[in-house]
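K.L.:
Quick one: the structure is below, and I'll ask about it shortly.
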Amino acid sequence: MDMLTWIKSRRSTRRYASKPVESEKIHAVLEAGCYAPSGGNNQSWHFVVLKDPQVLAELAERVQQAFRGMTYDETTYASLANSIRLSQRGNYVFHYGAPVLIVVTNKKGYGNAMADSACALENMMLMANALDLGSCWINQLHWLDENPEIRAYLAQFGVGAEETVCGAVALGYADTPDGLPERTPLPRKDIRITMV
Ligand SMILES: Cc1cc2nc3c(=O)[nH]c(=O)nc-3n(C[C@H](O)[C@H](O)[C@H](O)COP(=O)(O)O)c2cc1C
């Protein structure tokens with residue numbers, strides 16, 4: 001496939017098979033993240049790769065606990081309200097049970113922290129697609145960036161107080177009949193392009 005086809009066929013995967021991801025593929029995805037552009041060539045990302053099933057399960061439980069205590073109303077961002085609602089029902093697994101979650105942090109207070117991390121996350125999702133892996137941007141740890149319990153849990157994996165959690169990407173084989181991720185692009189909305 002050419003580059004535009006890879007870009008167009010990347011879709012978010014939210015159902016994962018339990019099949020583990022080969023470490024060569026995880027390393028290739030990380031390499032793609034490491035070769036993203038960064039403001040001033042800072043390269044100040046920290047990629048935290050979680051693939052221990054016990055850690056992923058415990059983190060999911062802690063995230064659910066964190067959301068359970070929150071409230072939402074009609075002004076709450078829909079995805080955040082959904083996280084809170086599902087957590088209160090007690091059946092919320094924020095990473096969809098993916099076998100790998102790569103958390104991307106950056107320097108707290110660095111103006112390009114989020115932009116650089118988004119570049120790395122997109123590179124990793126595109127690489128995942130090229131390796132026949134499903135992927136999905138996972139924002140919950142970013143929303144919980146200032147939650148003391150979640151930060152304390154992440155601290156044991158080297159996420160220091162000087163870091164901000166920008167996002168994460170779930171990775172794994174899609175739970176589809178052929179094991180391949182859904183690749184049909186969603187229709188584009190009314191995107192404005194101005195050419196002068
Ligand atoms: C900044 C950002 C945050 C996102 N957060 C989540 C998330 O927390 N959970 C999730 O399932 N999808 C998340 N997504 C995925 C979007 O929902 C998805 O990209 C969008 O619906 C378009 O679908 P597609 O990726 O299949 O093209 C996020 C995407 C972006 C760019």
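If you're wondering about the labels, chains in the structure tokens are A, B, ... by order shown, residues count from 1 in each chain, ligands from 1 in order shown.
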Taking only C-alpha atoms and all ligand atoms and a cut-off of 9 Å, can you tell me which residues surround ligand 1, written as a PyMOL selection string?

P.N.:
chain A and resi 8-14+79-80+83+94-96+118+121-122+135-142+167-169+182-187

K.L.:
For the residues in that selection, give me N, CA and C atoms as a JSON list (two decimals), in the first residue's frame.

P.N.:
[["chain", "number", "residue", "atom", "x", "y", "z"],
["A", 8, "LYS", "N", -5.09, 6.35, 5.42],
["A", 8, "LYS", "CA", -6.57, 6.29, 5.35],
["A", 8, "LYS", "C", -7.12, 5.02, 5.99],
["A", 9, "SER", "N", -6.35, 3.96, 6.01],
["A", 9, "SER", "CA", -6.88, 2.68, 6.52],
["A", 9, "SER", "C", -6.60, 2.48, 8.01],
["A", 10, "ARG", "N", -5.94, 3.43, 8.66],
["A", 10, "ARG", "CA", -5.78, 3.32, 10.11],
["A", 10, "ARG", "C", -7.10, 3.61, 10.79],
["A", 11, "ARG", "N", -7.58, 2.69, 11.57],
["A", 11, "ARG", "CA", -8.83, 2.89, 12.31],
["A", 11, "ARG", "C", -8.60, 2.53, 13.78],
["A", 12, "SER", "N", -9.45, 3.04, 14.64],
["A", 12, "SER", "CA", -9.34, 2.71, 16.07],
["A", 12, "SER", "C", -9.92, 1.33, 16.31],
["A", 13, "THR", "N", -9.15, 0.48, 16.97],
["A", 13, "THR", "CA", -9.60, -0.86, 17.32],
["A", 13, "THR", "C", -9.99, -0.87, 18.80],
["A", 14, "ARG", "N", -11.18, -1.40, 19.09],
["A", 14, "ARG", "CA", -11.67, -1.41, 20.48],
["A", 14, "ARG", "C", -12.03, -2.81, 20.96],
["A", 79, "SER", "N", -17.02, 11.80, 25.93],
["A", 79, "SER", "CA", -16.19, 10.61, 26.20],
["A", 79, "SER", "C", -15.85, 10.50, 27.68],
["A", 80, "LEU", "N", -15.63, 11.65, 28.32],
["A", 80, "LEU", "CA", -15.33, 11.64, 29.76],
["A", 80, "LEU", "C", -16.58, 11.20, 30.54],
["A", 83, "SER", "N", -16.86, 7.52, 30.33],
["A", 83, "SER", "CA", -15.92, 6.83, 31.23],
["A", 83, "SER", "C", -16.48, 6.80, 32.65],
["A", 94, "PHE", "N", -10.68, 0.72, 30.56],
["A", 94, "PHE", "CA", -10.36, 1.87, 29.69],
["A", 94, "PHE", "C", -9.48, 1.52, 28.51],
["A", 95, "HIS", "N", -8.67, 0.44, 28.63],
["A", 95, "HIS", "CA", -7.78, 0.09, 27.51],
["A", 95, "HIS", "C", -8.35, -1.06, 26.67],
["A", 96, "TYR", "N", -9.60, -1.37, 26.87],
["A", 96, "TYR", "CA", -10.31, -2.38, 26.07],
["A", 96, "TYR", "C", -9.68, -3.77, 26.15],
["A", 118, "ALA", "N", 1.54, 13.81, 20.51],
["A", 118, "ALA", "CA", 0.54, 13.45, 19.49],
["A", 118, "ALA", "C", 1.24, 12.97, 18.22],
["A", 121, "LEU", "N", 2.37, 9.48, 18.94],
["A", 121, "LEU", "CA", 1.22, 8.56, 19.01],
["A", 121, "LEU", "C", 0.71, 8.23, 17.61],
["A", 122, "GLU", "N", 0.61, 9.23, 16.76],
["A", 122, "GLU", "CA", 0.13, 8.95, 15.39],
["A", 122, "GLU", "C", 1.14, 8.07, 14.64],
["A", 135, "SER", "N", -4.93, -0.61, 16.88],
["A", 135, "SER", "CA", -4.45, 0.36, 17.87],
["A", 135, "SER", "C", -5.58, 1.35, 18.17],
["A", 136, "CYS", "N", -5.43, 2.04, 19.28],
["A", 136, "CYS", "CA", -6.41, 3.08, 19.61],
["A", 136, "CYS", "C", -5.77, 4.07, 20.58],
["A", 137, "TRP", "N", -5.95, 5.33, 20.30],
["A", 137, "TRP", "CA", -5.51, 6.37, 21.25],
["A", 137, "TRP", "C", -6.37, 6.22, 22.50],
["A", 138, "ILE", "N", -5.74, 6.25, 23.64],
["A", 138, "ILE", "CA", -6.42, 6.08, 24.92],
["A", 138, "ILE", "C", -6.13, 7.31, 25.78],
["A", 139, "ASN", "N", -7.17, 8.07, 26.11],
["A", 139, "ASN", "CA", -6.96, 9.38, 26.73],
["A", 139, "ASN", "C", -7.15, 9.41, 28.25],
["A", 140, "GLN", "N", -7.64, 8.32, 28.82],
["A", 140, "GLN", "CA", -8.05, 8.37, 30.22],
["A", 140, "GLN", "C", -6.91, 8.72, 31.19],
["A", 141, "LEU", "N", -5.71, 8.23, 30.90],
["A", 141, "LEU", "CA", -4.60, 8.53, 31.82],
["A", 141, "LEU", "C", -4.19, 10.00, 31.71],
["A", 142, "HIS", "N", -4.46, 10.61, 30.57],
["A", 142, "HIS", "CA", -4.23, 12.06, 30.42],
["A", 142, "HIS", "C", -5.25, 12.81, 31.29],
["A", 167, "GLY", "N", -0.91, 10.98, 26.81],
["A", 167, "GLY", "CA", -1.84, 10.06, 26.15],
["A", 167, "GLY", "C", -1.27, 8.66, 26.20],
["A", 168, "ALA", "N", -1.96, 7.77, 25.52],
["A", 168, "ALA", "CA", -1.50, 6.37, 25.48],
["A", 168, "ALA", "C", -2.05, 5.75, 24.22],
["A", 169, "VAL", "N", -1.44, 4.63, 23.83],
["A", 169, "VAL", "CA", -1.98, 3.89, 22.69],
["A", 169, "VAL", "C", -2.12, 2.43, 23.07],
["A", 182, "GLU", "N", -10.11, -3.49, 11.44],
["A", 182, "GLU", "CA", -11.06, -2.83, 10.52],
["A", 182, "GLU", "C", -10.28, -1.73, 9.80],
["A", 183, "ARG", "N", -10.43, -1.67, 8.48],
["A", 183, "ARG", "CA", -9.62, -0.69, 7.75],
["A", 183, "ARG", "C", -10.43, 0.24, 6.84],
["A", 184, "THR", "N", -11.75, 0.17, 6.99],
["A", 184, "THR", "CA", -12.57, 1.05, 6.14],
["A", 184, "THR", "C", -12.59, 2.44, 6.76],
["A", 185, "PRO", "N", -12.15, 3.43, 6.02],
["A", 185, "PRO", "CA", -12.11, 4.78, 6.61],
["A", 185, "PRO", "C", -13.51, 5.29, 6.93],
["A", 186, "LEU", "N", -13.61, 6.06, 8.00],
["A", 186, "LEU", "CA", -14.87, 6.75, 8.29],
["A", 186, "LEU", "C", -15.01, 7.89, 7.29],
["A", 187, "PRO", "N", -16.26, 8.20, 6.91],
["A", 187, "PRO", "CA", -16.42, 9.33, 5.97],
["A", 187, "PRO", "C", -15.89, 10.62, 6.60]]

K.L.:
Please identify the alpha helix (DSSP H) residues within segment 10-172 of chain A (assignment by DSSP from backbone atoms) and present them as a compact mmCIF listing (two decimals) with C-alpha atoms, in the first residue's frame.

P.N.:
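Below is the file part-v3.txt, written as the result:
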# COMPACT_ATOMS: atom_id res chain seq x y z
CA SER A 23 8.25 -8.10 20.88
CA GLU A 24 9.74 -7.24 17.45
CA LYS A 25 6.44 -5.60 16.54
CA ILE A 26 6.33 -3.68 19.84
CA HIS A 27 9.88 -2.47 19.19
CA ALA A 28 9.01 -1.44 15.63
CA VAL A 29 6.04 0.56 16.91
CA LEU A 30 8.27 2.22 19.52
CA GLU A 31 10.87 3.03 16.89
CA ALA A 32 8.17 4.74 14.84
CA GLY A 33 7.28 6.79 17.92
CA CYS A 34 10.92 7.69 18.55
CA PRO A 53 -1.52 -8.60 32.23
CA GLN A 54 -1.60 -8.15 36.00
CA VAL A 55 -0.42 -4.55 35.74
CA LEU A 56 -2.91 -3.80 32.95
CA ALA A 57 -5.75 -5.30 35.01
CA GLU A 58 -4.74 -3.43 38.15
CA LEU A 59 -4.38 -0.15 36.28
CA ALA A 60 -7.82 -0.64 34.71
CA GLU A 61 -9.31 -1.22 38.15
CA ARG A 62 -7.61 1.89 39.55
CA VAL A 63 -8.79 4.00 36.63
CA GLN A 64 -12.32 2.73 37.17
CA GLN A 65 -12.07 3.66 40.86
CA ALA A 66 -10.85 7.14 39.94
CA PHE A 67 -13.74 7.78 37.54
CA ARG A 68 -16.31 6.22 39.86
CA ALA A 78 -19.11 13.08 26.05
CA SER A 79 -16.19 10.61 26.20
CA LEU A 80 -15.33 11.64 29.76
CA ALA A 81 -18.98 11.34 30.80
CA ASN A 82 -19.01 7.87 29.24
CA SER A 83 -15.92 6.83 31.23
CA ILE A 84 -17.58 8.02 34.44
CA ARG A 85 -20.93 6.35 33.60
CA LEU A 86 -19.34 2.99 32.75
CA SER A 87 -17.10 3.11 35.83
CA GLN A 88 -20.10 3.72 38.05
CA ARG A 89 -21.72 0.63 36.51
CA ALA A 113 4.58 18.32 25.36
CA MET A 114 1.19 17.46 23.89
CA ALA A 115 2.05 18.29 20.27
CA ASP A 116 5.21 16.17 20.33
CA SER A 117 3.38 13.32 22.03
CA ALA A 118 0.54 13.45 19.49
CA CYS A 119 3.10 13.17 16.67
CA ALA A 120 4.63 10.11 18.36
CA LEU A 121 1.22 8.56 19.01
CA GLU A 122 0.13 8.95 15.39
CA ASN A 123 3.44 7.50 14.15
CA MET A 124 2.90 4.50 16.42
CA MET A 125 -0.69 3.97 15.29
CA LEU A 126 0.34 4.13 11.64
CA MET A 127 3.15 1.67 12.25
CA ALA A 128 0.75 -0.64 14.08
CA ASN A 129 -1.54 -0.61 11.06
CA ALA A 130 1.36 -1.46 8.74
CA GLN A 140 -8.05 8.37 30.22
CA LEU A 141 -4.60 8.53 31.82
CA HIS A 142 -4.23 12.06 30.42
CA TRP A 143 -7.51 13.05 32.05
CA PRO A 148 -2.66 11.24 43.08
CA GLU A 149 -3.54 7.52 43.21
CA ILE A 150 -2.99 7.00 39.49
CA ARG A 151 0.25 8.98 39.59
CA ALA A 152 1.47 6.95 42.55
CA TYR A 153 0.73 3.76 40.64
CA LEU A 154 2.52 5.00 37.50
CA ALA A 155 5.47 6.22 39.58

K.L.:
Atom CA of Ala98 of chain A and atom CA of Leu131 of chain A are how many Å apart?

P.N.:
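Result for atom CA of Ala98 of chain A versus atom CA of Leu131 of chain A: 15.8 Å, one decimal.
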
K.L.:
Which one of A:Ile191, A:Val103, A:Ala170, A:Leu180 sits closest to His46 of chain A if you count only C-alpha atoms?

P.N.:
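When distances to His46 of chain A are compared using only C-alpha atoms, the smallest one comes from A:Val103.
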
K.L.:
Measure the distance from atom CA of Pro99 of chain A to atom CA of Asn147 of chain A in Å and round it to one decimal.

P.N.:
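Separation of atom CA of Pro99 of chain A and atom CA of Asn147 of chain A: 24.0 Å.
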
K.L.:
Show me, as a PDB file with all heavy atoms, in the first residue's frame, the residues that have an atom within 6 Å of Asp175 of chain A when counting only C-alpha atoms, minus same-chain residues fewer than 6 positions from it.

P.N.:
ATOM      1  N   ARG A  15     -11.739  -3.814  20.124  1.00  0.00           N
ATOM      2  CA  ARG A  15     -11.912  -5.209  20.557  1.00  0.00           C
ATOM      3  C   ARG A  15     -10.634  -5.955  20.185  1.00  0.00           C
ATOM      4  O   ARG A  15     -10.242  -5.999  19.016  1.00  0.00           O
ATOM      5  CB  ARG A  15     -13.109  -5.859  19.855  1.00  0.00           C
ATOM      6  CG  ARG A  15     -14.451  -5.364  20.405  1.00  0.00           C
ATOM      7  CD  ARG A  15     -15.591  -5.925  19.578  1.00  0.00           C
ATOM      8  NE  ARG A  15     -15.652  -7.384  19.713  1.00  0.00           N
ATOM      9  CZ  ARG A  15     -16.367  -8.012  20.627  1.00  0.00           C
ATOM     10  NH1 ARG A  15     -17.110  -7.314  21.462  1.00  0.00           N
ATOM     11  NH2 ARG A  15     -16.372  -9.323  20.697  1.00  0.00           N
ATOM     12  N   TYR A  16      -9.990  -6.503  21.214  1.00  0.00           N
ATOM     13  CA  TYR A  16      -8.683  -7.127  21.001  1.00  0.00           C
ATOM     14  C   TYR A  16      -8.728  -8.619  21.302  1.00  0.00           C
ATOM     15  O   TYR A  16      -9.398  -9.061  22.251  1.00  0.00           O
ATOM     16  CB  TYR A  16      -7.630  -6.462  21.903  1.00  0.00           C
ATOM     17  CG  TYR A  16      -7.338  -5.046  21.477  1.00  0.00           C
ATOM     18  CD1 TYR A  16      -8.057  -3.978  22.016  1.00  0.00           C
ATOM     19  CD2 TYR A  16      -6.383  -4.771  20.509  1.00  0.00           C
ATOM     20  CE1 TYR A  16      -7.820  -2.670  21.605  1.00  0.00           C
ATOM     21  CE2 TYR A  16      -6.137  -3.464  20.093  1.00  0.00           C
ATOM     22  CZ  TYR A  16      -6.854  -2.435  20.645  1.00  0.00           C
ATOM     23  OH  TYR A  16      -6.616  -1.140  20.221  1.00  0.00           O
ATOM     24  N   ALA A  17      -7.975  -9.379  20.495  1.00  0.00           N
ATOM     25  CA  ALA A  17      -7.793 -10.800  20.770  1.00  0.00           C
ATOM     26  C   ALA A  17      -6.756 -10.923  21.903  1.00  0.00           C
ATOM     27  O   ALA A  17      -5.958 -10.006  22.118  1.00  0.00           O
ATOM     28  CB  ALA A  17      -7.283 -11.498  19.513  1.00  0.00           C
TER      29      ALA A  17
END

K.L.:
When DSSP works through the backbone of this structure, what residues of segment 139-182 of chain A end up as strand (DSSP E or B), shown as a VMD selection string?

P.N.:
chain A and resid 163 to 172 174
